[in-house]
file my_file-v7.txt (compact mmCIF, C-alpha atoms)
# COMPACT_ATOMS: atom_id res chain seq x y z
CA MET A 258 -91.98 17.70 82.77
CA ASN A 259 -92.59 21.43 83.00
CA ALA A 260 -89.39 23.25 84.06
CA SER A 261 -91.29 25.60 86.37
CA PHE A 262 -92.75 22.57 88.14
CA SER A 263 -89.52 20.56 88.32
CA ARG A 264 -87.48 23.28 90.05
CA PRO A 265 -89.69 23.44 93.20
CA LEU A 266 -89.77 19.63 93.23
CA LEU A 267 -85.98 19.45 93.13
CA ARG A 268 -85.74 22.01 95.92
CA ARG A 269 -88.02 19.85 98.07
CA LEU A 270 -85.92 16.77 97.36
CA LEU A 271 -82.64 18.47 98.30
CA PRO A 272 -82.09 18.91 102.06
CA GLN A 273 -81.78 22.41 103.47
CA GLN A 274 -78.39 22.36 105.16
CA ALA A 275 -76.36 25.14 106.71
CA PRO A 276 -73.23 26.05 104.70
CA VAL A 277 -70.15 24.11 105.82
CA SER A 278 -66.56 25.17 105.15
CA VAL A 279 -64.07 23.02 103.27
CA ARG A 280 -62.01 22.79 106.46
CA GLU A 281 -64.96 21.26 108.33
CA ARG A 282 -65.63 18.77 105.54
CA VAL A 283 -62.00 17.64 105.59
CA ARG A 284 -62.05 17.45 109.39
CA ALA A 285 -65.14 15.20 109.36
CA ALA A 286 -63.78 12.94 106.62
CA CYS A 287 -60.41 12.53 108.36
CA GLY A 288 -62.15 11.78 111.64
CA ALA A 289 -64.29 9.05 110.10
CA LEU A 290 -61.24 7.57 108.37
CA LEU A 291 -59.25 7.53 111.60
CA GLY A 292 -62.15 6.22 113.70
CA LEU A 293 -62.97 3.31 111.41
CA LEU A 294 -59.29 2.48 110.79
CA VAL A 295 -58.39 2.40 114.49
CA THR A 296 -61.51 0.43 115.38
CA GLY A 297 -60.90 -2.16 112.67
CA LEU A 298 -57.17 -2.56 113.28
CA VAL A 299 -57.46 -2.84 117.06
CA ALA A 300 -60.32 -5.33 116.78
CA ARG A 301 -58.40 -7.43 114.24
CA ALA A 302 -55.29 -7.38 116.42
CA ALA A 303 -57.36 -8.64 119.34
CA LEU A 304 -58.92 -11.43 117.25
CA GLY A 305 -55.86 -12.41 115.28
CA ASN A 306 -55.62 -13.02 111.55
CA GLY A 307 -57.97 -15.58 110.03
CA ALA A 308 -60.58 -15.38 112.79
CA ALA A 309 -64.11 -16.29 111.78
CA LEU A 310 -65.61 -13.45 113.80
CA PRO A 311 -66.02 -10.05 112.11
CA ALA A 312 -63.56 -7.43 113.32
CA LEU A 313 -65.71 -4.53 112.15
CA ILE A 314 -69.45 -4.47 111.43
CA ALA A 315 -71.08 -2.28 108.78
CA PRO A 316 -73.22 -0.13 111.14
CA MET A 317 -69.99 1.45 112.43
CA GLY A 318 -69.72 3.29 109.11
CA ALA A 319 -73.05 4.98 109.74
CA SER A 320 -72.04 5.74 113.33
CA ALA A 321 -68.87 7.39 112.02
CA VAL A 322 -70.99 9.82 109.97
CA LEU A 323 -72.74 11.01 113.11
CA LEU A 324 -69.77 10.96 115.49
CA PHE A 325 -67.42 12.92 113.23
CA ALA A 326 -69.61 14.91 110.82
CA VAL A 327 -72.36 16.01 113.25
CA PRO A 328 -70.90 15.52 116.76
CA SER A 329 -73.32 18.09 118.19
CA SER A 330 -76.36 15.98 117.23
CA PRO A 331 -78.35 14.38 120.08
CA LEU A 332 -78.23 11.19 117.98
CA ALA A 333 -74.41 11.16 118.17
CA GLN A 334 -73.85 11.52 121.91
CA PRO A 335 -72.09 8.77 123.92
CA TRP A 336 -75.25 7.42 125.54
CA SER A 337 -76.98 7.41 122.16
CA ILE A 338 -74.40 5.17 120.49
CA VAL A 339 -73.66 2.93 123.50
CA GLY A 340 -77.25 2.52 124.67
CA GLY A 341 -78.66 2.37 121.15
CA ASN A 342 -76.25 -0.28 119.90
CA LEU A 343 -76.53 -2.50 122.96
CA ILE A 344 -80.34 -2.33 123.03
CA ALA A 345 -80.54 -3.02 119.29
CA ALA A 346 -78.14 -5.96 119.54
CA LEU A 347 -80.11 -7.49 122.43
CA VAL A 348 -83.40 -7.04 120.57
CA GLY A 349 -81.99 -8.42 117.31
CA VAL A 350 -80.54 -11.55 118.91
CA SER A 351 -83.72 -12.20 120.93
CA VAL A 352 -86.08 -11.76 117.98
CA GLY A 353 -83.81 -13.86 115.76
CA HIS A 354 -84.12 -16.76 118.22
CA LEU A 355 -87.88 -16.44 118.63
CA VAL A 356 -89.08 -15.75 115.05
CA PRO A 357 -88.08 -18.29 112.39
CA ASP A 358 -88.89 -16.17 109.32
CA PRO A 359 -85.87 -13.85 108.83
CA LEU A 360 -87.81 -11.09 107.05
CA VAL A 361 -90.51 -10.97 109.72
CA ALA A 362 -87.81 -11.08 112.40
CA ALA A 363 -85.96 -8.21 110.70
CA GLY A 364 -89.07 -6.01 110.71
CA LEU A 365 -89.86 -6.81 114.33
CA ALA A 366 -86.28 -6.27 115.46
CA GLY A 367 -86.03 -2.88 113.74
CA GLY A 368 -89.36 -1.63 115.08
CA LEU A 369 -88.81 -2.84 118.64
CA ALA A 370 -85.27 -1.43 118.71
CA ILE A 371 -86.50 2.02 117.66
CA GLY A 372 -89.29 1.99 120.24
CA LEU A 373 -86.95 1.00 123.06
CA MET A 374 -84.24 3.46 122.02
CA MET A 375 -86.77 6.31 122.08
CA ALA A 376 -88.04 5.16 125.47
CA PHE A 377 -84.51 5.09 126.92
CA ARG A 378 -83.49 8.35 125.19
CA CYS A 379 -80.66 6.74 123.21
CA LEU A 380 -81.92 7.01 119.65
CA HIS A 381 -79.06 6.25 117.26
CA PRO A 382 -79.99 5.57 113.60
CA PRO A 383 -77.12 3.12 112.87
CA SER A 384 -78.43 0.95 115.72
CA GLY A 385 -81.31 -0.04 113.45
CA ALA A 386 -78.70 -1.66 111.22
CA VAL A 387 -77.23 -3.41 114.28
CA ALA A 388 -80.62 -5.03 114.94
CA LEU A 389 -80.84 -6.19 111.30
CA THR A 390 -77.27 -7.49 111.41
CA ALA A 391 -78.16 -9.68 114.39
CA VAL A 392 -81.04 -11.20 112.40
CA LEU A 393 -79.62 -11.32 108.86
CA GLY A 394 -75.89 -11.57 109.56
CA GLY A 395 -75.58 -15.22 108.62
CA PRO A 396 -74.29 -18.29 110.49
CA ALA A 397 -71.16 -16.61 111.90
CA ILE A 398 -73.32 -13.98 113.65
CA HIS A 399 -76.07 -16.43 114.69
CA ASP A 400 -73.54 -18.78 116.28
CA LEU A 401 -72.40 -15.97 118.60
CA GLY A 402 -75.82 -15.76 120.27
CA TYR A 403 -75.86 -13.07 122.92
CA GLY A 404 -72.10 -12.88 122.65
CA PHE A 405 -72.82 -10.69 119.61
CA VAL A 406 -73.79 -7.92 122.06
CA LEU A 407 -70.27 -7.86 123.51
CA TRP A 408 -68.33 -8.78 120.36
CA PRO A 409 -68.28 -7.20 117.88
CA VAL A 410 -71.00 -4.67 118.83
CA GLY A 411 -69.78 -3.64 122.29
CA VAL A 412 -66.08 -3.56 121.41
CA ASN A 413 -66.61 -1.73 118.10
CA THR A 414 -68.82 0.82 119.82
CA LEU A 415 -66.36 1.62 122.61
CA LEU A 416 -63.39 1.82 120.24
CA ILE A 417 -64.96 4.23 117.75
CA LEU A 418 -66.44 6.27 120.62
CA GLY A 419 -63.01 6.63 122.22
CA VAL A 420 -61.53 7.88 118.94
CA ALA A 421 -64.45 10.31 118.53
CA VAL A 422 -63.94 11.80 121.99
CA ALA A 423 -60.21 12.34 121.39
CA PHE A 424 -60.40 13.49 117.75
CA ASN A 425 -63.32 15.91 118.14
CA ASN A 426 -61.86 17.65 121.17
CA LEU A 427 -58.39 17.88 119.60
CA THR A 428 -59.87 19.47 116.46
CA GLY A 429 -61.99 22.07 118.24
CA ARG A 430 -65.33 20.28 118.56
CA SER A 431 -66.73 19.84 122.06
CA TYR A 432 -67.64 16.18 122.53
CA PRO A 433 -69.67 15.04 124.38
CA HIS A 434 -71.47 18.09 123.13
CA ALA A 435 -72.34 20.91 125.52
CA PRO A 436 -75.18 23.21 124.36
CA ALA A 437 -74.07 26.63 123.16
CA ALA A 438 -74.48 29.55 125.55
CA ALA A 439 -77.70 31.38 124.78
CA PRO A 440 -77.54 35.19 124.72
CA ALA A 441 -79.92 36.97 127.05
CA ALA A 442 -83.30 37.48 125.45
CA PRO A 443 -85.29 40.72 125.44
CA ALA A 444 -87.66 41.10 128.34
CA PRO A 445 -91.02 39.40 127.67
CA SER A 446 -92.80 42.58 128.75
CA SER A 447 -91.48 44.30 125.65
CA GLY A 448 -93.69 42.13 123.51
CA MET A 449 -90.62 40.72 121.72
CA GLY A 450 -89.46 38.24 124.33
CA LEU A 451 -88.95 34.54 123.75
CA THR A 452 -89.06 32.46 126.92
CA SER A 453 -87.89 28.91 127.51
CA GLY A 454 -91.52 27.97 128.06
CA ASP A 455 -92.37 29.21 124.56
CA ILE A 456 -89.69 26.95 123.09
CA ASP A 457 -90.89 23.95 125.12
CA ALA A 458 -94.47 24.56 124.01
CA ALA A 459 -93.42 24.81 120.35
CA LEU A 460 -91.42 21.57 120.58
CA LYS A 461 -94.34 19.78 122.21
CA ASP A 462 -96.70 21.03 119.52
CA PHE A 463 -94.24 20.03 116.75
CA ASP A 464 -94.09 16.50 118.23
CA GLN A 465 -91.24 15.19 116.06
CA VAL A 466 -87.67 14.12 116.70
CA LEU A 467 -85.30 16.95 115.73
CA ASP A 468 -81.63 16.41 114.97
CA ILE A 469 -80.64 19.29 117.25
CA GLY A 470 -80.50 19.49 121.03
CA ARG A 471 -83.00 21.63 122.88
CA GLY A 472 -80.23 23.78 124.36
CA ASP A 473 -78.67 24.38 120.95
CA LEU A 474 -82.08 25.20 119.49
CA GLU A 475 -82.74 27.78 122.20
CA ALA A 476 -79.28 29.32 121.71
CA LEU A 477 -79.88 29.49 117.95
CA LEU A 478 -83.28 31.13 118.33
CA ARG A 479 -82.00 33.66 120.85
CA ARG A 480 -79.05 34.52 118.61
CA ALA A 481 -81.45 34.99 115.71
CA GLN A 482 -83.64 37.20 117.90
CA LEU A 483 -80.64 39.25 118.95
CA SER A 484 -79.45 39.44 115.35
CA ALA A 485 -82.83 40.82 114.30
CA LEU A 486 -82.63 43.50 116.98
CA VAL A 487 -79.08 44.37 115.95
CA ARG A 488 -80.08 44.59 112.28
CA ARG A 489 -82.72 47.14 113.16
CA SER A 490 -80.51 49.02 115.61
CA GLY A 491 -79.69 52.67 115.09
CA PRO A 492 -76.33 54.45 114.90
CA GLU A 493 -75.81 54.54 118.67
CA THR A 494 -72.38 53.53 119.93
CA CYS A 495 -70.94 51.79 122.92
CA ALA A 496 -70.26 55.17 124.56
CA SER A 497 -74.00 55.77 124.94
CA ILE A 498 -74.59 52.76 127.23
CA LEU A 499 -71.32 52.24 129.11
CA THR A 500 -71.15 52.73 132.86
CA ARG A 501 -68.27 55.09 133.63
CA ASP A 502 -68.35 54.78 137.43
CA VAL A 503 -66.39 51.53 137.49
CA VAL A 504 -64.96 49.67 140.47
CA ALA A 505 -61.64 48.03 139.57
CA ILE A 506 -59.07 46.04 141.51
CA ALA A 507 -55.29 45.77 141.43
CA PRO A 508 -53.75 42.42 140.41
CA GLU A 509 -51.92 42.06 143.75
CA ALA A 510 -55.07 42.67 145.84
CA PRO A 511 -56.01 39.71 148.08
CA LEU A 512 -59.02 37.54 147.24
CA SER A 513 -60.83 38.71 150.37
CA GLU A 514 -60.72 42.29 149.05
CA ALA A 515 -62.17 41.17 145.72
CA LEU A 516 -65.02 39.40 147.49
CA ALA A 517 -65.69 42.45 149.66
CA LEU A 518 -65.87 44.74 146.59
CA LEU A 519 -68.24 42.43 144.76
CA ARG A 520 -70.54 42.27 147.77
CA ARG A 521 -70.38 45.95 148.70
CA HIS A 522 -71.17 47.25 145.22
CA HIS A 523 -73.56 44.40 144.24
CA ILE A 524 -71.66 43.70 141.02
CA LYS A 525 -70.62 40.49 139.26
CA MET A 526 -67.36 41.53 137.60
CA LEU A 527 -64.25 43.49 138.55
CA PRO A 528 -61.78 44.72 135.92
CA VAL A 529 -58.22 43.98 137.02
CA THR A 530 -56.01 46.94 136.08
CA ASP A 531 -52.39 47.97 136.50
CA GLU A 532 -51.16 51.30 137.88
CA ASN A 533 -51.84 52.96 134.50
CA ALA A 534 -55.48 51.74 134.42
CA ARG A 535 -54.76 49.27 131.63
CA VAL A 536 -56.96 46.17 131.72
CA LEU A 537 -55.07 42.97 132.58
CA GLY A 538 -58.14 40.78 132.93
CA VAL A 539 -61.43 40.48 134.77
CA LEU A 540 -62.37 38.80 138.02
CA THR A 541 -65.90 37.45 138.22
CA GLN A 542 -67.99 35.66 140.80
CA THR A 543 -67.48 32.50 138.75
CA ASP A 544 -63.70 32.89 138.96
CA LEU A 545 -63.90 33.02 142.74
CA MET A 546 -66.24 30.03 142.92
CA ASP A 547 -64.36 27.81 140.44
CA LYS A 548 -60.70 28.71 141.06
CA ALA A 549 -60.64 29.25 144.82
CA GLU A 550 -61.47 27.17 147.86
CA TRP A 551 -63.59 28.52 150.69
CA ASP A 552 -63.55 28.39 154.46
CA ARG A 553 -65.01 30.59 157.21
CA ARG A 554 -62.57 33.37 156.38
CA GLY A 555 -63.54 33.47 152.70
CA PRO A 556 -61.84 32.44 149.43
CA ARG A 557 -58.27 31.17 149.30
CA LEU A 558 -56.09 29.32 146.82
CA GLY A 559 -56.26 25.55 147.09
CA LEU A 560 -53.28 23.24 146.78
CA ALA A 561 -54.16 22.12 143.24
CA ARG A 562 -54.48 25.72 142.02
CA ARG A 563 -51.19 26.66 143.71
CA TRP A 564 -49.35 23.82 141.96
CA GLN A 565 -50.93 24.73 138.63
CA LEU A 566 -49.85 28.37 138.90
CA THR A 567 -46.39 27.48 140.20
CA LEU A 568 -45.72 25.15 137.27
CA GLY A 569 -47.09 27.67 134.79
CA ARG A 570 -45.24 30.74 136.09
CA GLY A 571 -42.16 29.25 137.66
CA ARG A 572 -42.90 30.94 141.00
CA ALA A 573 -45.28 30.51 143.90
CA PRO A 574 -48.61 32.39 143.74
CA HIS A 575 -49.62 34.96 146.36
CA GLY A 576 -53.34 34.30 146.68
CA CYS A 577 -54.27 37.53 144.93
CA ALA A 578 -56.66 38.70 142.20
CA ALA A 579 -54.17 37.90 139.43
CA ASP A 580 -54.17 34.24 140.52
CA VAL A 581 -57.86 33.68 139.76
CA MET A 582 -58.73 36.35 137.21
CA THR A 583 -59.66 35.59 133.59
CA PRO A 584 -56.85 37.03 131.43
CA ASP A 585 -56.95 37.99 127.75
CA VAL A 586 -60.45 39.38 128.10
CA VAL A 587 -62.26 40.89 125.12
CA CYS A 588 -62.34 44.68 125.43
CA LEU A 589 -64.71 47.09 123.71
CA ARG A 590 -64.09 50.58 122.31
CA PRO A 591 -66.39 53.59 122.89
CA GLU A 592 -66.82 54.15 119.15
CA MET A 593 -68.10 50.62 118.46
CA THR A 594 -71.70 50.40 117.30
CA LEU A 595 -74.22 48.53 119.40
CA ALA A 596 -74.33 45.90 116.67
CA GLU A 597 -70.60 45.21 117.10
CA VAL A 598 -71.00 45.10 120.89
CA ALA A 599 -73.89 42.64 120.65
CA VAL A 600 -71.95 40.32 118.34
CA ARG A 601 -68.89 40.25 120.62
CA MET A 602 -70.98 39.58 123.69
CA ALA A 603 -73.01 36.85 122.00
CA ARG A 604 -69.96 35.04 120.61
CA GLY A 605 -68.28 34.78 123.98
CA GLY A 606 -71.38 34.48 126.16
CA HIS A 607 -70.27 37.54 128.14
CA HIS A 608 -72.56 39.43 130.52
CA HIS A 609 -70.15 42.32 131.17
CA LEU A 610 -67.21 43.62 129.15
CA PRO A 611 -64.72 46.40 129.93
CA VAL A 612 -64.45 49.41 127.60
CA VAL A 613 -61.01 50.90 126.94
CA GLY A 614 -60.11 54.26 125.45
CA PRO A 615 -56.85 55.96 124.47
CA GLU A 616 -53.72 54.03 125.45
CA ASP A 617 -56.00 51.06 126.28
CA ARG A 618 -56.99 52.59 129.61
CA LEU A 619 -60.21 51.52 131.28
CA CYS A 620 -63.03 54.02 130.76
CA GLY A 621 -66.12 52.00 131.61
CA VAL A 622 -68.06 48.73 131.54
CA VAL A 623 -70.96 47.62 129.36
CA ALA A 624 -73.56 45.25 130.79
CA GLN A 625 -75.48 42.89 128.54
CA SER A 626 -78.73 43.88 130.25
CA ASP A 627 -78.19 47.56 129.31
CA LEU A 628 -77.42 46.57 125.72
CA ILE A 629 -80.57 44.46 125.39
CA GLU A 630 -82.70 47.16 127.02
CA THR A 631 -81.42 49.76 124.54
CA LEU A 632 -81.98 47.51 121.52
CA VAL A 633 -85.50 46.67 122.65
CA ALA A 634 -86.30 50.34 123.28
CA GLN A 635 -85.10 51.17 119.76
CA ALA A 636 -87.22 48.40 118.31
CA ALA A 637 -90.29 49.56 120.26
CA THR A 638 -89.78 53.13 119.06
CA ARG A 639 -89.52 52.01 115.45
CA ALA A 640 -92.60 49.83 115.82
CA SER A 641 -94.56 52.78 117.24
CA THR A 642 -93.37 55.01 114.39
CA ASP A 643 -94.27 52.40 111.77
CA SER A 644 -97.70 51.97 113.37
CA SER A 645 -98.31 55.72 113.27
CA ARG A 646 -97.31 55.84 109.60
CA THR A 647 -99.61 52.94 108.83
CA ASP A 648 -102.51 54.61 110.62
CA ALA A 649 -101.86 57.88 108.78
CA ALA A 650 -101.77 56.07 105.44
CA GLY A 651 -104.99 54.27 106.33
CA ARG A 652 -106.71 57.55 107.22
CA ALA A 653 -105.51 59.08 103.92
CA ARG A 654 -106.86 56.11 101.98
CA ALA A 655 -110.18 56.34 103.83
CA GLY A 656 -110.40 60.08 103.02
CA ASN A 657 -109.77 59.38 99.37
CA ASP A 658 -112.48 56.72 99.38
CA VAL A 659 -114.98 59.13 100.96
CA SER A 660 -114.05 61.82 98.42
CA SER A 661 -114.62 59.35 95.60
CA ASP A 662 -118.00 58.33 96.99
CA LEU A 663 -119.09 61.95 97.31
CA ALA A 664 -117.93 62.72 93.77
CA ALA A 665 -119.83 59.72 92.46
CA GLY A 666 -122.96 60.74 94.34
CA LEU A 667 -122.85 64.35 93.10
CA ALA A 668 -122.40 63.11 89.55
call {"tool": "encode", "arguments": {"input": "my_file-v7.txt", "output": "structure tokens"}}
result
Amino acid sequence: MNASFSRPLLRRLLPQQAPVSVRERVRAACGALLGLLVTGLVARAALGNGAALPALIAPMGASAVLLFAVPSSPLAQPWSIVGGNLIAALVGVSVGHLVPDPLVAAGLAGGLAIGLMMAFRCLHPPSGAVALTAVLGGPAIHDLGYGFVLWPVGVNTLLILGVAVAFNNLTGRSYPHAPAAAPAAPAPSSGMGLTSGDIDAALKDFDQVLDIGRGDLEALLRRAQLSALVRRSGPETCASILTRDVVAIAPEAPLSEALALLRRHHIKMLPVTDENARVLGVLTQTDLMDKAEWDRRGPRLGLARRWQLTLGRGRAPHGCAADVMTPDVVCLRPEMTLAEVAVRMARGGHHHLPVVGPEDRLCGVVAQSDLIETLVAQAATRASTDSSRTDAAGRARAGNDVSSDLAAGLA
């Protein structure tokens, strides 16, 4: 075979996967080991030694790949594995009873299981193997009848799912998976915007099952869009877009004062500073909504929040800004480039960040909307410049063509 032909063929055969660190590979392998081991041992302990029933069925190995190696996949979410396995087991047992030929029954069971899983939005690839196991599993499985749905399928599923929830969250993977926060996109009026409707239309036109959630896909596309804008950004720094007229609040200020400042100045975030203007944290509208309780007089600390703060600090809280603020906030520096600012905002999903100067004193705030507006304006300016250069080059080429035609005619 020609080498120049074989290389593109090999590239098509190999999947295009994002690079994964060694740490993540080890994490996934250890998770699968732990999940299968716990599931098998607990099931065997429940059955007792020498039981005729299987303690662990083979499809759990495929489920472990999804639950621990790609826990963000829509195919690996709790409803996918629970709903998919139960539906597949029910279909497999039913078809096995109704169709005498095992190969025909296997085909019918697999096809019906996939159709029903897609209809109920619980597509889980290993569930196809569950349906085949119900049909081709031999006398021990056939004798269980519909009991196969509960044991071993139901028990195995719940056990490995419980391990996946605990292990993934303890090792830094959100599970059940929550879509990543999408950075704000450029305004559609700029001609560079990407709206949610555009993504929905593209997915509808693509019309295939993707192993990525819609929310994660949108976050990925918006981050790529922002990255492209940052890559083309100029040398401007954070100092060029920060707002210096900043309203701040003291940590001991009451929650009612924080609410009044947010309303009066129509802002969404208050830097919390000490007497030397050093940033201790930020207080946002979300902090007030999530960490305080409300009555007719406004926000106040609830009993649960008071106990939490008392146990954490060793003293009773005072119902002030420091009790609900977000501490350890990311701060920017005036000399940071817009590219650095964009990356920090995108990573944390921040809409506003404080800017600190000498001695870490507050000197302003940067809003994500101002950052995006500046990046888009830069991109539009470059596009206009590039268009002008292209037009000028086209006019020069046209002039040369005319000169050549005249020279040819005179000759």
call {"tool": "residues_around", "arguments": {"input": "my_file-v7.txt", "residues": "Gly569 in chain A", "least_positions_apart": "6", "cutoff": "12 Å", "atoms": "all atoms listed in the file", "output": "ChimeraX atom specification"}}
result
/A:562-563,580
call {"tool": "residues_around", "arguments": {"input": "my_file-v7.txt", "residues": "range 589-601 of chain A", "least_positions_apart": "2", "cutoff": "12 Å", "atoms": "all atoms listed in the file", "output": "MDAnalysis selection string"}}
result
chainID A and resid 440:442 480:501 536 586:587 603:633 635
call {"tool": "write_last_selection", "arguments": {"input": "my_file-v7.txt", "atoms": "C-alpha atoms", "output": "PDB file, in the coordinates of the input"}}
result
ATOM      1  CA  PRO A 440     -77.540  35.190 124.720  1.00  0.00           C
ATOM      2  CA  ALA A 441     -79.920  36.970 127.050  1.00  0.00           C
ATOM      3  CA  ALA A 442     -83.300  37.480 125.450  1.00  0.00           C
ATOM      4  CA  ARG A 480     -79.050  34.520 118.610  1.00  0.00           C
ATOM      5  CA  ALA A 481     -81.450  34.990 115.710  1.00  0.00           C
ATOM      6  CA  GLN A 482     -83.640  37.200 117.900  1.00  0.00           C
ATOM      7  CA  LEU A 483     -80.640  39.250 118.950  1.00  0.00           C
ATOM      8  CA  SER A 484     -79.450  39.440 115.350  1.00  0.00           C
ATOM      9  CA  ALA A 485     -82.830  40.820 114.300  1.00  0.00           C
ATOM     10  CA  LEU A 486     -82.630  43.500 116.980  1.00  0.00           C
ATOM     11  CA  VAL A 487     -79.080  44.370 115.950  1.00  0.00           C
ATOM     12  CA  ARG A 488     -80.080  44.590 112.280  1.00  0.00           C
ATOM     13  CA  ARG A 489     -82.720  47.140 113.160  1.00  0.00           C
ATOM     14  CA  SER A 490     -80.510  49.020 115.610  1.00  0.00           C
ATOM     15  CA  GLY A 491     -79.690  52.670 115.090  1.00  0.00           C
ATOM     16  CA  PRO A 492     -76.330  54.450 114.900  1.00  0.00           C
ATOM     17  CA  GLU A 493     -75.810  54.540 118.670  1.00  0.00           C
ATOM     18  CA  THR A 494     -72.380  53.530 119.930  1.00  0.00           C
ATOM     19  CA  CYS A 495     -70.940  51.790 122.920  1.00  0.00           C
ATOM     20  CA  ALA A 496     -70.260  55.170 124.560  1.00  0.00           C
ATOM     21  CA  SER A 497     -74.000  55.770 124.940  1.00  0.00           C
ATOM     22  CA  ILE A 498     -74.590  52.760 127.230  1.00  0.00           C
ATOM     23  CA  LEU A 499     -71.320  52.240 129.110  1.00  0.00           C
ATOM     24  CA  THR A 500     -71.150  52.730 132.860  1.00  0.00           C
ATOM     25  CA  ARG A 501     -68.270  55.090 133.630  1.00  0.00           C
ATOM     26  CA  VAL A 536     -56.960  46.170 131.720  1.00  0.00           C
ATOM     27  CA  VAL A 586     -60.450  39.380 128.100  1.00  0.00           C
ATOM     28  CA  VAL A 587     -62.260  40.890 125.120  1.00  0.00           C
ATOM     29  CA  ALA A 603     -73.010  36.850 122.000  1.00  0.00           C
ATOM     30  CA  ARG A 604     -69.960  35.040 120.610  1.00  0.00           C
ATOM     31  CA  GLY A 605     -68.280  34.780 123.980  1.00  0.00           C
ATOM     32  CA  GLY A 606     -71.380  34.480 126.160  1.00  0.00           C
ATOM     33  CA  HIS A 607     -70.270  37.540 128.140  1.00  0.00           C
ATOM     34  CA  HIS A 608     -72.560  39.430 130.520  1.00  0.00           C
ATOM     35  CA  HIS A 609     -70.150  42.320 131.170  1.00  0.00           C
ATOM     36  CA  LEU A 610     -67.210  43.620 129.150  1.00  0.00           C
ATOM     37  CA  PRO A 611     -64.720  46.400 129.930  1.00  0.00           C
ATOM     38  CA  VAL A 612     -64.450  49.410 127.600  1.00  0.00           C
ATOM     39  CA  VAL A 613     -61.010  50.900 126.940  1.00  0.00           C
ATOM     40  CA  GLY A 614     -60.110  54.260 125.450  1.00  0.00           C
ATOM     41  CA  PRO A 615     -56.850  55.960 124.470  1.00  0.00           C
ATOM     42  CA  GLU A 616     -53.720  54.030 125.450  1.00  0.00           C
ATOM     43  CA  ASP A 617     -56.000  51.060 126.280  1.00  0.00           C
ATOM     44  CA  ARG A 618     -56.990  52.590 129.610  1.00  0.00           C
ATOM     45  CA  LEU A 619     -60.210  51.520 131.280  1.00  0.00           C
ATOM     46  CA  CYS A 620     -63.030  54.020 130.760  1.00  0.00           C
ATOM     47  CA  GLY A 621     -66.120  52.000 131.610  1.00  0.00           C
ATOM     48  CA  VAL A 622     -68.060  48.730 131.540  1.00  0.00           C
ATOM     49  CA  VAL A 623     -70.960  47.620 129.360  1.00  0.00           C
ATOM     50  CA  ALA A 624     -73.560  45.250 130.790  1.00  0.00           C
ATOM     51  CA  GLN A 625     -75.480  42.890 128.540  1.00  0.00           C
ATOM     52  CA  SER A 626     -78.730  43.880 130.250  1.00  0.00           C
ATOM     53  CA  ASP A 627     -78.190  47.560 129.310  1.00  0.00           C
ATOM     54  CA  LEU A 628     -77.420  46.570 125.720  1.00  0.00           C
ATOM     55  CA  ILE A 629     -80.570  44.460 125.390  1.00  0.00           C
ATOM     56  CA  GLU A 630     -82.700  47.160 127.020  1.00  0.00           C
ATOM     57  CA  THR A 631     -81.420  49.760 124.540  1.00  0.00           C
ATOM     58  CA  LEU A 632     -81.980  47.510 121.520  1.00  0.00           C
ATOM     59  CA  VAL A 633     -85.500  46.670 122.650  1.00  0.00           C
ATOM     60  CA  GLN A 635     -85.100  51.170 119.760  1.00  0.00           C
TER      61      GLN A 635
END
call {"tool": "residues_around", "arguments": {"input": "my_file-v7.txt", "residues": "Ala517 in chain A", "least_positions_apart": "2", "cutoff": "12 Å", "atoms": "all atoms listed in the file", "output": "list in words"}}
result
Val504, Ile506, Ala510, Pro511, Leu512, Ser513, Glu514, Ala515, Leu519, Arg520, Arg521, His522, His523, Ile524, Lys525, Leu527, Gln542, Leu545, Arg554, Gly555 and Pro556 of chain A
call {"tool": "atom_distance", "arguments": {"input": "my_file-v7.txt", "atom1": "CA of Ala309 in chain A", "atom2": "CA of Ile398 in chain A"}}
result
9.7 Å
call {"tool": "closest_residue", "arguments": {"input": "my_file-v7.txt", "among": "A:Phe325, A:Tyr403, A:Phe377, A:Trp336", "to": "Ser351 in chain A", "atoms": "only C-alpha atoms"}}
result
A:Tyr403
call {"tool": "residues_around", "arguments": {"input": "my_file-v7.txt", "residues": "Val412 in chain A", "least_positions_apart": "2", "cutoff": "12 Å", "atoms": "all atoms listed in the file", "output": "list of chain:residue names"}}
result
A:Val295, A:Thr296, A:Gly297, A:Val299, A:Ala300, A:Arg301, A:Ala303, A:Leu304, A:Pro311, A:Ala312, A:Leu313, A:Ile314, A:Met317, A:Val339, A:Asn342, A:Leu343, A:Gly404, A:Phe405, A:Val406, A:Leu407, A:Trp408, A:Pro409, A:Val410, A:Thr414, A:Leu415, A:Leu416, A:Ile417, A:Leu418, A:Gly419
call {"tool": "residues_around", "arguments": {"input": "my_file-v7.txt", "residues": "range 461-471 of chain A", "least_positions_apart": "3", "cutoff": "7 Å", "atoms": "all atoms listed in the file", "output": "PyMOL selection string"}}
result
chain A and resi 330-332+457-458+474-475
call {"tool": "atom_distance", "arguments": {"input": "my_file-v7.txt", "atom1": "CA of Leu298 in chain A", "atom2": "CA of Asn413 in chain A"}}
result
10.6 Å
call {"tool": "closest_residue", "arguments": {"input": "my_file-v7.txt", "among": "A:Gly288, A:Gly571, A:Pro508, A:Pro383", "to": "Val420 in chain A", "atoms": "only C-alpha atoms"}}
result
A:Gly288
call {"tool": "closest_residue", "arguments": {"input": "my_file-v7.txt", "among": "A:Leu324, A:Thr390, A:Gly395, A:Ile371", "to": "Cys287 in chain A", "atoms": "all atoms listed in the file"}}
result
A:Leu324
call {"tool": "closest_residue", "arguments": {"input": "my_file-v7.txt", "among": "A:Val529, A:Ala362, A:Ile456, A:Val387", "to": "Leu477 in chain A", "atoms": "only C-alpha atoms"}}
result
A:Ile456
